[in-house]
Structures are given as C-alpha cells and as structure tokens.
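Undergrad: Next comes upload11.cif, mmCIF, C-alpha atoms:
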data_structure
#
loop_
_atom_site.label_atom_id
_atom_site.label_comp_id
_atom_site.auth_asym_id
_atom_site.auth_seq_id
_atom_site.Cartn_x
_atom_site.Cartn_y
_atom_site.Cartn_z
CA MET E 1 -51.25 65.69 26.25
CA ALA E 2 -54.95 65.60 27.14
CA ARG E 3 -56.00 63.75 23.99
CA PRO E 4 -53.54 60.82 24.25
CA ALA E 5 -54.34 60.49 27.96
CA ALA E 6 -58.07 60.51 27.23
CA TRP E 7 -57.58 57.75 24.65
CA VAL E 8 -55.61 55.67 27.16
CA GLN E 9 -58.39 56.14 29.73
CA ALA E 10 -61.01 55.07 27.19
CA HIS E 11 -58.99 52.12 25.84
CA PRO E 12 -56.61 50.96 28.59
CA LEU E 13 -56.24 47.39 27.31
CA ALA E 14 -55.46 48.46 23.75
CA ALA E 15 -53.03 51.08 25.04
CA PHE E 16 -51.32 48.51 27.25
CA PHE E 17 -50.74 45.96 24.49
CA VAL E 18 -49.61 48.54 21.94
CA LEU E 19 -47.11 49.95 24.41
CA ALA E 20 -45.98 46.50 25.63
CA TYR E 21 -45.30 45.36 22.06
CA ALA E 22 -43.52 48.60 21.19
CA LEU E 23 -41.25 48.64 24.24
CA SER E 24 -40.35 44.94 24.15
CA TRP E 25 -39.85 44.70 20.39
CA ALA E 26 -37.73 47.86 20.30
CA ALA E 27 -34.75 45.76 21.40
CA VAL E 28 -35.17 43.11 18.66
CA PRO E 29 -33.10 44.99 16.02
CA PHE E 30 -30.24 44.89 18.53
CA GLY E 31 -30.53 41.13 18.99
CA SER E 32 -32.44 41.28 22.29
CA PHE E 33 -35.97 41.26 23.66
CA PHE E 34 -36.94 43.72 26.40
CA ALA E 35 -39.26 41.64 28.60
CA PRO E 36 -39.73 44.41 31.21
CA GLY E 37 -41.54 46.37 28.51
CA ALA E 38 -44.78 44.63 29.51
CA LEU E 39 -44.52 45.71 33.13
CA ILE E 40 -43.49 49.24 32.21
CA ALA E 41 -46.46 49.45 29.84
CA ALA E 42 -48.85 48.32 32.58
CA LEU E 43 -47.47 50.86 35.05
CA ILE E 44 -47.74 53.69 32.53
CA VAL E 45 -51.28 52.82 31.45
CA VAL E 46 -52.55 52.28 35.00
CA SER E 47 -50.97 55.59 36.09
CA VAL E 48 -52.70 57.48 33.28
CA ALA E 49 -56.03 55.64 33.31
CA GLU E 50 -56.57 55.02 37.02
CA GLY E 51 -54.00 56.97 38.98
CA THR E 52 -52.66 55.96 42.38
CA ALA E 53 -55.73 53.87 43.16
CA GLY E 54 -55.05 51.67 40.14
CA LEU E 55 -51.36 51.35 40.98
CA ARG E 56 -52.27 50.37 44.54
CA GLU E 57 -54.65 47.70 43.29
CA LEU E 58 -52.03 46.35 40.87
CA GLY E 59 -49.59 46.11 43.74
CA PHE E 60 -52.13 44.37 45.96
CA ARG E 61 -52.61 41.67 43.34
CA LEU E 62 -48.88 41.03 43.33
CA ILE E 63 -48.73 40.59 47.11
CA ARG E 64 -52.08 38.83 47.55
CA TRP E 65 -50.76 35.90 49.56
CA ARG E 66 -53.84 34.99 51.62
CA VAL E 67 -55.04 32.10 49.49
CA HIS E 68 -55.54 28.46 50.42
CA TRP E 69 -52.25 26.61 50.83
CA ILE E 70 -53.23 24.04 48.20
CA TRP E 71 -52.80 26.64 45.45
CA TYR E 72 -49.21 27.24 46.52
CA VAL E 73 -48.59 23.51 46.23
CA ILE E 74 -50.26 23.31 42.82
CA ALA E 75 -48.36 26.38 41.55
CA ILE E 76 -45.07 24.60 42.28
CA VAL E 77 -45.91 20.95 41.69
CA VAL E 78 -47.54 21.24 38.26
CA PRO E 79 -44.59 22.96 36.47
CA LEU E 80 -42.07 20.65 38.14
CA ALA E 81 -44.19 17.62 37.23
CA VAL E 82 -44.23 18.75 33.59
CA HIS E 83 -40.45 19.16 33.61
CA PHE E 84 -39.77 15.75 35.13
CA SER E 85 -42.41 14.07 32.95
CA THR E 86 -40.69 15.53 29.91
CA MET E 87 -37.33 14.24 31.09
CA GLY E 88 -38.74 10.80 31.89
CA ALA E 89 -40.54 10.50 28.57
CA ASN E 90 -37.43 11.54 26.66
CA MET E 91 -35.31 8.95 28.42
CA ALA E 92 -37.98 6.31 27.82
CA LEU E 93 -37.76 7.11 24.12
CA GLY E 94 -34.01 6.63 24.02
CA ALA E 95 -32.33 9.75 25.36
CA PRO E 96 -29.42 9.17 27.77
CA ALA E 97 -29.98 9.99 31.44
CA PRO E 98 -28.88 13.57 32.20
CA SER E 99 -26.24 14.25 34.80
CA THR E 100 -27.63 14.53 38.33
CA ASP E 101 -25.19 17.39 38.90
CA ASP E 102 -27.82 19.67 37.34
CA PHE E 103 -30.12 18.95 40.31
CA THR E 104 -27.54 19.01 43.11
CA PRO E 105 -28.06 20.36 45.67
CA VAL E 106 -31.83 19.99 45.76
CA TYR E 107 -32.29 23.40 47.33
CA GLY E 108 -30.81 24.82 44.13
CA ILE E 109 -34.23 24.50 42.51
CA ALA E 110 -35.82 26.52 45.32
CA LEU E 111 -33.07 29.13 44.93
CA ALA E 112 -33.69 29.30 41.18
CA ILE E 113 -37.43 29.78 41.77
CA GLY E 114 -36.78 32.60 44.22
CA MET E 115 -34.35 34.34 41.90
CA ASN E 116 -36.78 34.06 38.98
CA MET E 117 -39.51 35.64 41.07
CA VAL E 118 -37.56 38.79 41.87
CA ASN E 119 -35.39 39.19 38.76
CA PRO E 120 -36.54 42.55 37.34
CA LEU E 121 -35.31 41.65 33.85
CA GLY E 122 -36.84 38.18 33.76
CA GLY E 123 -40.07 37.02 32.18
CA PRO E 124 -41.99 36.02 35.34
CA PHE E 125 -41.59 39.34 37.18
CA SER E 126 -42.31 41.30 33.99
CA GLU E 127 -45.25 39.28 32.70
CA GLU E 128 -47.31 38.29 35.73
CA PRO E 129 -48.13 41.71 37.19
CA SER E 130 -48.92 42.96 33.68
CA PHE E 131 -50.59 40.12 31.78
CA ARG E 132 -52.34 38.52 34.74
CA GLY E 133 -52.44 41.36 37.28
CA PHE E 134 -53.58 43.99 34.78
CA ALA E 135 -54.92 42.47 31.54
CA GLN E 136 -56.70 39.29 32.64
CA PRO E 137 -59.10 40.93 35.14
CA ARG E 138 -60.09 43.56 32.60
CA LEU E 139 -60.65 41.03 29.84
CA GLN E 140 -62.82 39.05 32.26
CA ALA E 141 -64.97 42.04 33.22
CA ARG E 142 -67.41 41.29 30.39
CA ARG E 143 -66.23 37.90 29.17
CA SER E 144 -66.05 34.35 30.44
CA PRO E 145 -62.65 33.13 31.67
CA LEU E 146 -62.44 30.95 28.53
CA ALA E 147 -62.96 33.84 26.13
CA ALA E 148 -60.71 36.18 28.11
CA THR E 149 -57.90 33.63 28.35
CA ALA E 150 -58.15 32.73 24.66
CA ILE E 151 -57.77 36.41 23.72
CA LEU E 152 -54.90 36.77 26.15
CA ALA E 153 -53.21 33.66 24.74
CA VAL E 154 -53.22 35.17 21.24
CA LEU E 155 -51.91 38.52 22.44
CA ILE E 156 -49.20 37.09 24.70
CA THR E 157 -48.05 34.66 22.02
CA GLY E 158 -47.90 37.56 19.58
CA TRP E 159 -45.84 39.55 22.08
CA HIS E 160 -43.39 36.62 22.22
CA ALA E 161 -43.34 36.25 18.41
CA PRO E 162 -39.78 37.55 17.83
CA LEU E 163 -38.47 34.80 20.11
CA PHE E 164 -39.97 32.15 17.82
CA PHE E 165 -39.11 33.65 14.44
CA VAL E 166 -35.73 35.32 14.97
CA SER E 167 -33.15 32.54 14.83
CA SER E 168 -30.74 34.20 17.25
CA PHE E 169 -33.17 33.58 20.13
CA GLY E 170 -32.91 29.82 19.64
CA LEU E 171 -36.61 28.92 19.76
CA GLU E 172 -38.68 27.15 17.12
CA PRO E 173 -42.05 28.47 15.86
CA TYR E 174 -43.92 25.40 17.15
CA GLU E 175 -42.82 26.31 20.68
CA ALA E 176 -45.44 29.06 20.53
CA LEU E 177 -47.91 26.28 21.41
CA THR E 178 -46.27 26.07 24.83
CA THR E 179 -46.94 29.78 25.37
CA VAL E 180 -50.60 29.26 24.49
CA ALA E 181 -50.89 26.28 26.83
CA LEU E 182 -49.12 28.10 29.65
CA THR E 183 -51.48 31.07 29.27
CA PHE E 184 -54.42 28.76 29.97
CA TRP E 185 -52.61 27.22 32.94
CA TYR E 186 -51.74 30.61 34.45
CA GLY E 187 -55.25 31.92 33.72
CA TRP E 188 -56.82 28.96 35.50
CA LEU E 189 -54.52 29.33 38.50
CA PHE E 190 -55.05 33.09 38.65
CA ASN E 191 -58.80 32.64 38.89
CA GLN E 192 -58.64 29.74 41.33
CA ALA E 193 -56.41 31.84 43.61
CA GLY E 194 -58.89 34.72 43.67
CA GLY E 195 -56.98 36.98 41.31
CA SER E 196 -53.57 36.61 42.94
CA ALA E 197 -50.74 37.49 40.57
CA LEU E 198 -48.36 36.30 43.28
CA LEU E 199 -49.46 32.70 42.69
CA THR E 200 -48.95 32.93 38.94
CA LEU E 201 -45.59 34.60 39.54
CA LEU E 202 -44.63 31.62 41.69
CA ALA E 203 -45.85 29.18 39.03
CA HIS E 204 -44.08 31.06 36.22
CA ALA E 205 -40.85 31.24 38.20
CA THR E 206 -41.08 27.50 38.90
CA GLU E 207 -41.65 26.75 35.22
CA GLY E 208 -38.49 28.70 34.40
CA SER E 209 -36.40 27.16 37.18
CA ILE E 210 -35.32 24.13 35.12
CA ASN E 211 -34.12 24.35 31.53
CA THR E 212 -34.68 20.78 30.41
CA GLU E 213 -33.54 21.68 26.90
CA ASP E 214 -30.04 22.23 28.32
CA LEU E 215 -29.87 18.59 29.45
CA TRP E 216 -29.68 17.45 25.81
CA PRO E 217 -27.97 20.33 24.01
CA SER E 218 -28.34 19.10 20.43
CA GLY E 219 -29.42 16.34 18.09
CA ALA E 220 -32.50 14.16 18.04
CA ASP E 221 -32.71 13.97 21.84
CA ALA E 222 -32.91 17.76 22.11
CA THR E 223 -35.55 18.03 19.38
CA ARG E 224 -37.64 15.28 20.96
CA GLU E 225 -37.38 16.95 24.38
CA THR E 226 -38.71 20.21 22.96
CA TRP E 227 -41.65 18.47 21.30
CA LEU E 228 -42.42 16.50 24.44
CA TYR E 229 -42.49 19.70 26.49
CA VAL E 230 -44.93 21.25 24.02
CA VAL E 231 -47.15 18.15 24.02
CA ILE E 232 -47.24 17.74 27.79
CA TRP E 233 -48.09 21.38 28.48
CA SER E 234 -50.73 21.24 25.75
CA ALA E 235 -52.21 18.17 27.44
CA VAL E 236 -52.30 20.02 30.77
CA ALA E 237 -54.11 22.97 29.21
CA LEU E 238 -56.56 20.75 27.34
CA GLY E 239 -57.23 18.77 30.50
CA LEU E 240 -57.98 21.97 32.43
CA VAL E 241 -60.40 23.20 29.74
CA LEU E 242 -62.23 19.91 29.23
CA GLY E 243 -62.15 18.81 32.85
CA HIS E 244 -63.34 22.11 34.31
CA ARG E 245 -65.80 23.30 31.67
CA ARG E 246 -68.19 24.97 34.09
CA PHE E 247 -65.43 27.17 35.45
CA TRP E 248 -64.36 28.36 32.00
CA THR E 249 -67.86 29.28 30.84
CA ALA E 250 -69.14 30.83 34.08
CA LYS E 251 -68.56 34.34 35.34
CA ALA E 252 -65.05 34.99 36.62
CA PRO E 253 -64.71 34.41 40.37
CA PRO E 254 -64.86 37.40 42.75
CA GLY E 255 -61.55 39.20 42.90
CA ALA E 256 -60.41 37.95 39.49
CA ALA E 257 -62.35 40.41 37.32
CA GLU E 258 -62.38 44.17 37.26
CA PRO E 259 -65.61 46.20 37.29
CA SER E 260 -66.75 46.96 33.75
CA ALA E 261 -66.59 50.69 34.41
CA ARG E 262 -64.03 52.57 36.48
CA PRO E 263 -63.80 56.23 37.36
CA ALA E 264 -60.83 57.73 35.57
CA PRO E 265 -58.56 60.49 36.92
CA THR E 266 -59.71 63.94 35.92
CA LEU E 267 -57.64 65.44 33.14
CA ALA E 268 -56.62 69.06 33.30
CA THR E 269 -57.90 70.90 30.24
CA GLU E 270 -57.09 74.29 28.84
CA THR E 271 -59.64 77.03 29.28
#
What's the structure tokens form of this structure?

TA:
Amino acid sequence: MARPAAWVQAHPLAAFFVLAYALSWAAVPFGSFFAPGALIAALIVVSVAEGTAGLRELGFRLIRWRVHWIWYVIAIVVPLAVHFSTMGANMALGAPAPSTDDFTPVYGIALAIGMNMVNPLGGPFSEEPSFRGFAQPRLQARRSPLAATAILAVLITGWHAPLFFVSSFGLEPYEALTTVALTFWYGWLFNQAGGSALLTLLAHATEGSINTEDLWPSGADATRETWLYVVIWSAVALGLVLGHRRFWTAKAPPGAAEPSARPAPTLATET
C-alpha cells in the first residue's frame, strides 16, 4: 500500500479528481449519478496525503463563518436574482406567468436552502467542501485565481458530463455552460470570503432552491427558460471577470490558497 499512498501524497489533486470521477460515474450505468463521490474522494485523499491535520483544515473551511455580513447577502441575493431575472425575461418574451403557489409560503425558499445545505446526497454538500474547500486552494497555490478557476471549471464540467450527455438525466449539452459560469461565480465568492466553503455552500444551496425549469415543464417556454438561465449566469461570470480583472490576475487572497508545499504523513515501510 506504500506506493499508491506515496503517489497520492505526491499528486493529491490528480488523485482527487481521478477518484471523484470514478466514484461518481460508477452509478451512471445504473441510471444514476453519485454526487457524494466528490466529497468521499476529498476525504480519502486528504486522509492519505495530509492526515488528521488536513481533515481538520478541510472541516474548518466548511464552518468558516466569520466573514463580513455582506458576503452572506451576496451569496443569497445573486442566485435568487438570476432565478427571478430568468423568470421575468421568459414572461417578457411570451411565457405565461407561473403559479404563485410555487413560492408560497415565502419561508419555503429559506427551508429549501437549508435542506440543500445539509442534504448529504445533494450537489451543494458534496461539491463545495471538495471542489472549493479542497481543490481550489491547491490550484491557487501557484496560479492566479483566473487560471485556477478556469482549470477547475473544465474539471468540474467534465465531472458533470454524464448529466449533459445521458438523456435520462434530462439536461442538454449546452447547459454545461451554466456549470462553467457557476464555477467562476463560486470561485470569486470563495476568494472574497477568505476561503470559506460555507459561503459557497450557502450560494450553491440557494441556486438549487428554485427549479425554474419546472415552472414551464415543456415546449418553447421551457426551452427558452433554459437558454435564458444559461445566458444570465454566463453574463454574471463574464461581468465578474471583466469587472474585477485585478482580482483574477493577482495572487489569491490570504486564506484562499494552500501553501505550495505541505509536510505529508510518514508512511510505514517494510524493512
């Protein structure tokens, strides 16, 4: 076991993504997608490569709540604004108004956000501690936030690939653009919040709290809604990149990047 463990210690990011893909895609032949595979992969790799100290640090990122209150507001407001902008634009282009029953009572949205945050089988709880809490800081150790996030966008979109190309999952290939855009949004928020995966978990759970595609189940209205959602999130990501260029090309903020070298746990070897 020493050789595989040594390889994981030397290449923790590669090991993480290989294992995340393998675990999550293993369910595809059975008509499912195992989202928790990403979190399980992160826990395994951190355990082997960094031991209890690494697991403790991963946990601290997930409960890092001491950030300025404005980032909590932004984490919630931006995804909701995208949802309601998509709905408004679709209605402006001819779609009928959806039933208000889907938004009654109002606290139902808050309940949906909370449930998404703690659902162990859901995307937010599986992806944020792993992709942001583990992968993003390590990618940013020697790269700019722009380069690190671009790499992460490719790898995360690839991880989601079965959802876009297996018809039973109900997504279209062009919806992969939303995943790319969201990766830039979460990467920006993660860095602005000092490396808090809790804030991106909140944002991700908020983004998943409303299924606007369910408001227009089929036909031209549904297709237009999907395209509008892609376009609006893409505009948000492009606006963040162009409007905050200095941030993306500078060194990652303190707390959002891992040291380039870490002491690894000592492996027992045969004598």

Undergrad: Report as number ranges by chain the full result of the PyMOL selection byres ((chain E and resi 114) around 12) when it is applied to this structure.

TA: E: 76, 107-113, 115-119, 122, 124-125, 201-209

Undergrad: If you apply the PyMOL selection byres ((chain E and resi 137) around 6) to this file, what residues do you get, as a PDB file with C-alpha atoms, in the coordinates of the input?

TA:
ATOM      1  CA  ALA E 135     -54.920  42.470  31.540  1.00  0.00           C
ATOM      2  CA  GLN E 136     -56.700  39.290  32.640  1.00  0.00           C
ATOM      3  CA  ARG E 138     -60.090  43.560  32.600  1.00  0.00           C
ATOM      4  CA  LEU E 139     -60.650  41.030  29.840  1.00  0.00           C
ATOM      5  CA  GLN E 140     -62.820  39.050  32.260  1.00  0.00           C
ATOM      6  CA  ALA E 256     -60.410  37.950  39.490  1.00  0.00           C
ATOM      7  CA  ALA E 257     -62.350  40.410  37.320  1.00  0.00           C
ATOM      8  CA  GLU E 258     -62.380  44.170  37.260  1.00  0.00           C
TER       9      GLU E 258
END

Undergrad: Name the residues that the PyMOL selection byres ((chain E and resi 220) around 12) pulls out of this structure, and write them as a VMD selection string.

TA: chain E and resid 90 to 91 93 to 96 213 216 to 219 221 to 227

Undergrad: Could the residues in this selection be written to a file with C-alpha atoms, as a compact mmCIF listing (two decimals), keeping the file's coordinate frame?

TA:
# COMPACT_ATOMS: atom_id res chain seq x y z
CA ASN E 90 -37.43 11.54 26.66
CA MET E 91 -35.31 8.95 28.42
CA LEU E 93 -37.76 7.11 24.12
CA GLY E 94 -34.01 6.63 24.02
CA ALA E 95 -32.33 9.75 25.36
CA PRO E 96 -29.42 9.17 27.77
CA GLU E 213 -33.54 21.68 26.90
CA TRP E 216 -29.68 17.45 25.81
CA PRO E 217 -27.97 20.33 24.01
CA SER E 218 -28.34 19.10 20.43
CA GLY E 219 -29.42 16.34 18.09
CA ASP E 221 -32.71 13.97 21.84
CA ALA E 222 -32.91 17.76 22.11
CA THR E 223 -35.55 18.03 19.38
CA ARG E 224 -37.64 15.28 20.96
CA GLU E 225 -37.38 16.95 24.38
CA THR E 226 -38.71 20.21 22.96
CA TRP E 227 -41.65 18.47 21.30

Undergrad: Would you please work out which residue, of E:Leu121, E:Ala81, E:Leu163, E:Ala27, is nearest to Ile40 of chain E when using all atoms listed in the file?

TA: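 Counting all atoms listed in the file, the residue closest to Ile40 of chain E is E:Leu121.
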
Undergrad: Counting only C-alpha atoms, which residues of segment 137-247 of chain E sit at most 10 Å from some atom of segment 51-67 of chain E, and what is each one's closest atom pair with its distance in Å to one decimal, listed by chain and rising residue number, as JSON lines?

TA:
{"residue": "E:Gln192", "atom": "CA", "partner": "E:Val67", "partner_atom": "CA", "distance": 9.2}
{"residue": "E:Ala193", "atom": "CA", "partner": "E:Val67", "partner_atom": "CA", "distance": 6.0}
{"residue": "E:Gly194", "atom": "CA", "partner": "E:Val67", "partner_atom": "CA", "distance": 7.5}
{"residue": "E:Gly195", "atom": "CA", "partner": "E:Arg61", "partner_atom": "CA", "distance": 6.7}
{"residue": "E:Ser196", "atom": "CA", "partner": "E:Arg61", "partner_atom": "CA", "distance": 5.2}
{"residue": "E:Ala197", "atom": "CA", "partner": "E:Leu62", "partner_atom": "CA", "distance": 4.9}
{"residue": "E:Leu198", "atom": "CA", "partner": "E:Leu62", "partner_atom": "CA", "distance": 4.8}
{"residue": "E:Leu199", "atom": "CA", "partner": "E:Trp65", "partner_atom": "CA", "distance": 7.7}
{"residue": "E:Thr200", "atom": "CA", "partner": "E:Leu62", "partner_atom": "CA", "distance": 9.2}
{"residue": "E:Leu201", "atom": "CA", "partner": "E:Leu62", "partner_atom": "CA", "distance": 8.2}

Undergrad: What is the distance, in Å and to one decimal place, between atom CA of Leu43 of chain E and atom CA of Ile151 of chain E?

TA: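 Between atom CA of Leu43 of chain E and atom CA of Ile151 of chain E the gap is 21.1 Å.
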
Undergrad: Using all atoms listed in the file, which of E:Leu39, E:Ala250, E:Ile70, E:Val231 sits nearest Arg142 of chain E?

TA: E:Ala250

Undergrad: In Å, with one decimal, what is the gap from atom CA of Tyr229 of chain E to atom CA of Thr212 of chain E?

TA: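 Atom-to-atom, atom CA of Tyr229 of chain E and atom CA of Thr212 of chain E are spaced 8.8 Å apart.
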
Undergrad: So the first atom is atom CA of Asn211 of chain E and the second is atom CA of Leu182 of chain E; what is the distance between them in Å, to one decimal place?

TA: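 Answer for the atom CA of Asn211 of chain E to atom CA of Leu182 of chain E separation: 15.6 Å.
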
Undergrad: Go through E:Leu189, E:Ala49, E:Ala14, E:Val82 one by one, measure the shortest atom-to-atom distance of each to Pro145 of chain E using only C-alpha atoms, and give the residue with the smallest value.

TA: E:Leu189

Undergrad: Select, from E:Trp25, E:Phe30, E:Tyr186, E:Trp71, the residue with the minimum atom-to-atom distance to Glu127 of chain E, counting all atoms listed in the file.

TA: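 Of E:Trp25, E:Phe30, E:Tyr186, E:Trp71, the one nearest Glu127 of chain E, counting all atoms listed in the file, is E:Tyr186.
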
Undergrad: Draw an axis-aligned box over all listed atoms of segment 116-135 of chain E, pad each side with 6 Å, and write its centre and edge lengths in Å, one decimal, as lines of an AutoDock Vina configuration file.

TA:
center_x = -45.1
center_y = 39.0
center_z = 36.7
size_x = 31.6
size_y = 21.9
size_z = 22.3

Undergrad: Compare E:Ser99, E:Asn191, E:Ser32, E:Thr179 by their minimum atom-to-atom distance to Leu155 of chain E, counting all atoms listed in the file, and give me the closest one.

TA: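 Looking at the shortest contact to Leu155 of chain E, the residue is E:Thr179.
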
Undergrad: Which residues are near segment 157-161 of chain E? Cut-off 10 Å, only C-alpha atoms, ignore same chain within fewer than 5 positions. Put them as JSON, numbers by chain.

TA: {"E": [17, 18, 20, 21, 22, 24, 25, 33, 35, 38, 152, 166, 173, 175, 176, 177, 178, 179, 180, 183]}

Undergrad: Nearest to Ala148 of chain E among E:Ser168, E:Arg245, E:Phe184, E:Ala75, with distances taken over all atoms listed in the file: which residue is it?

TA: E:Phe184
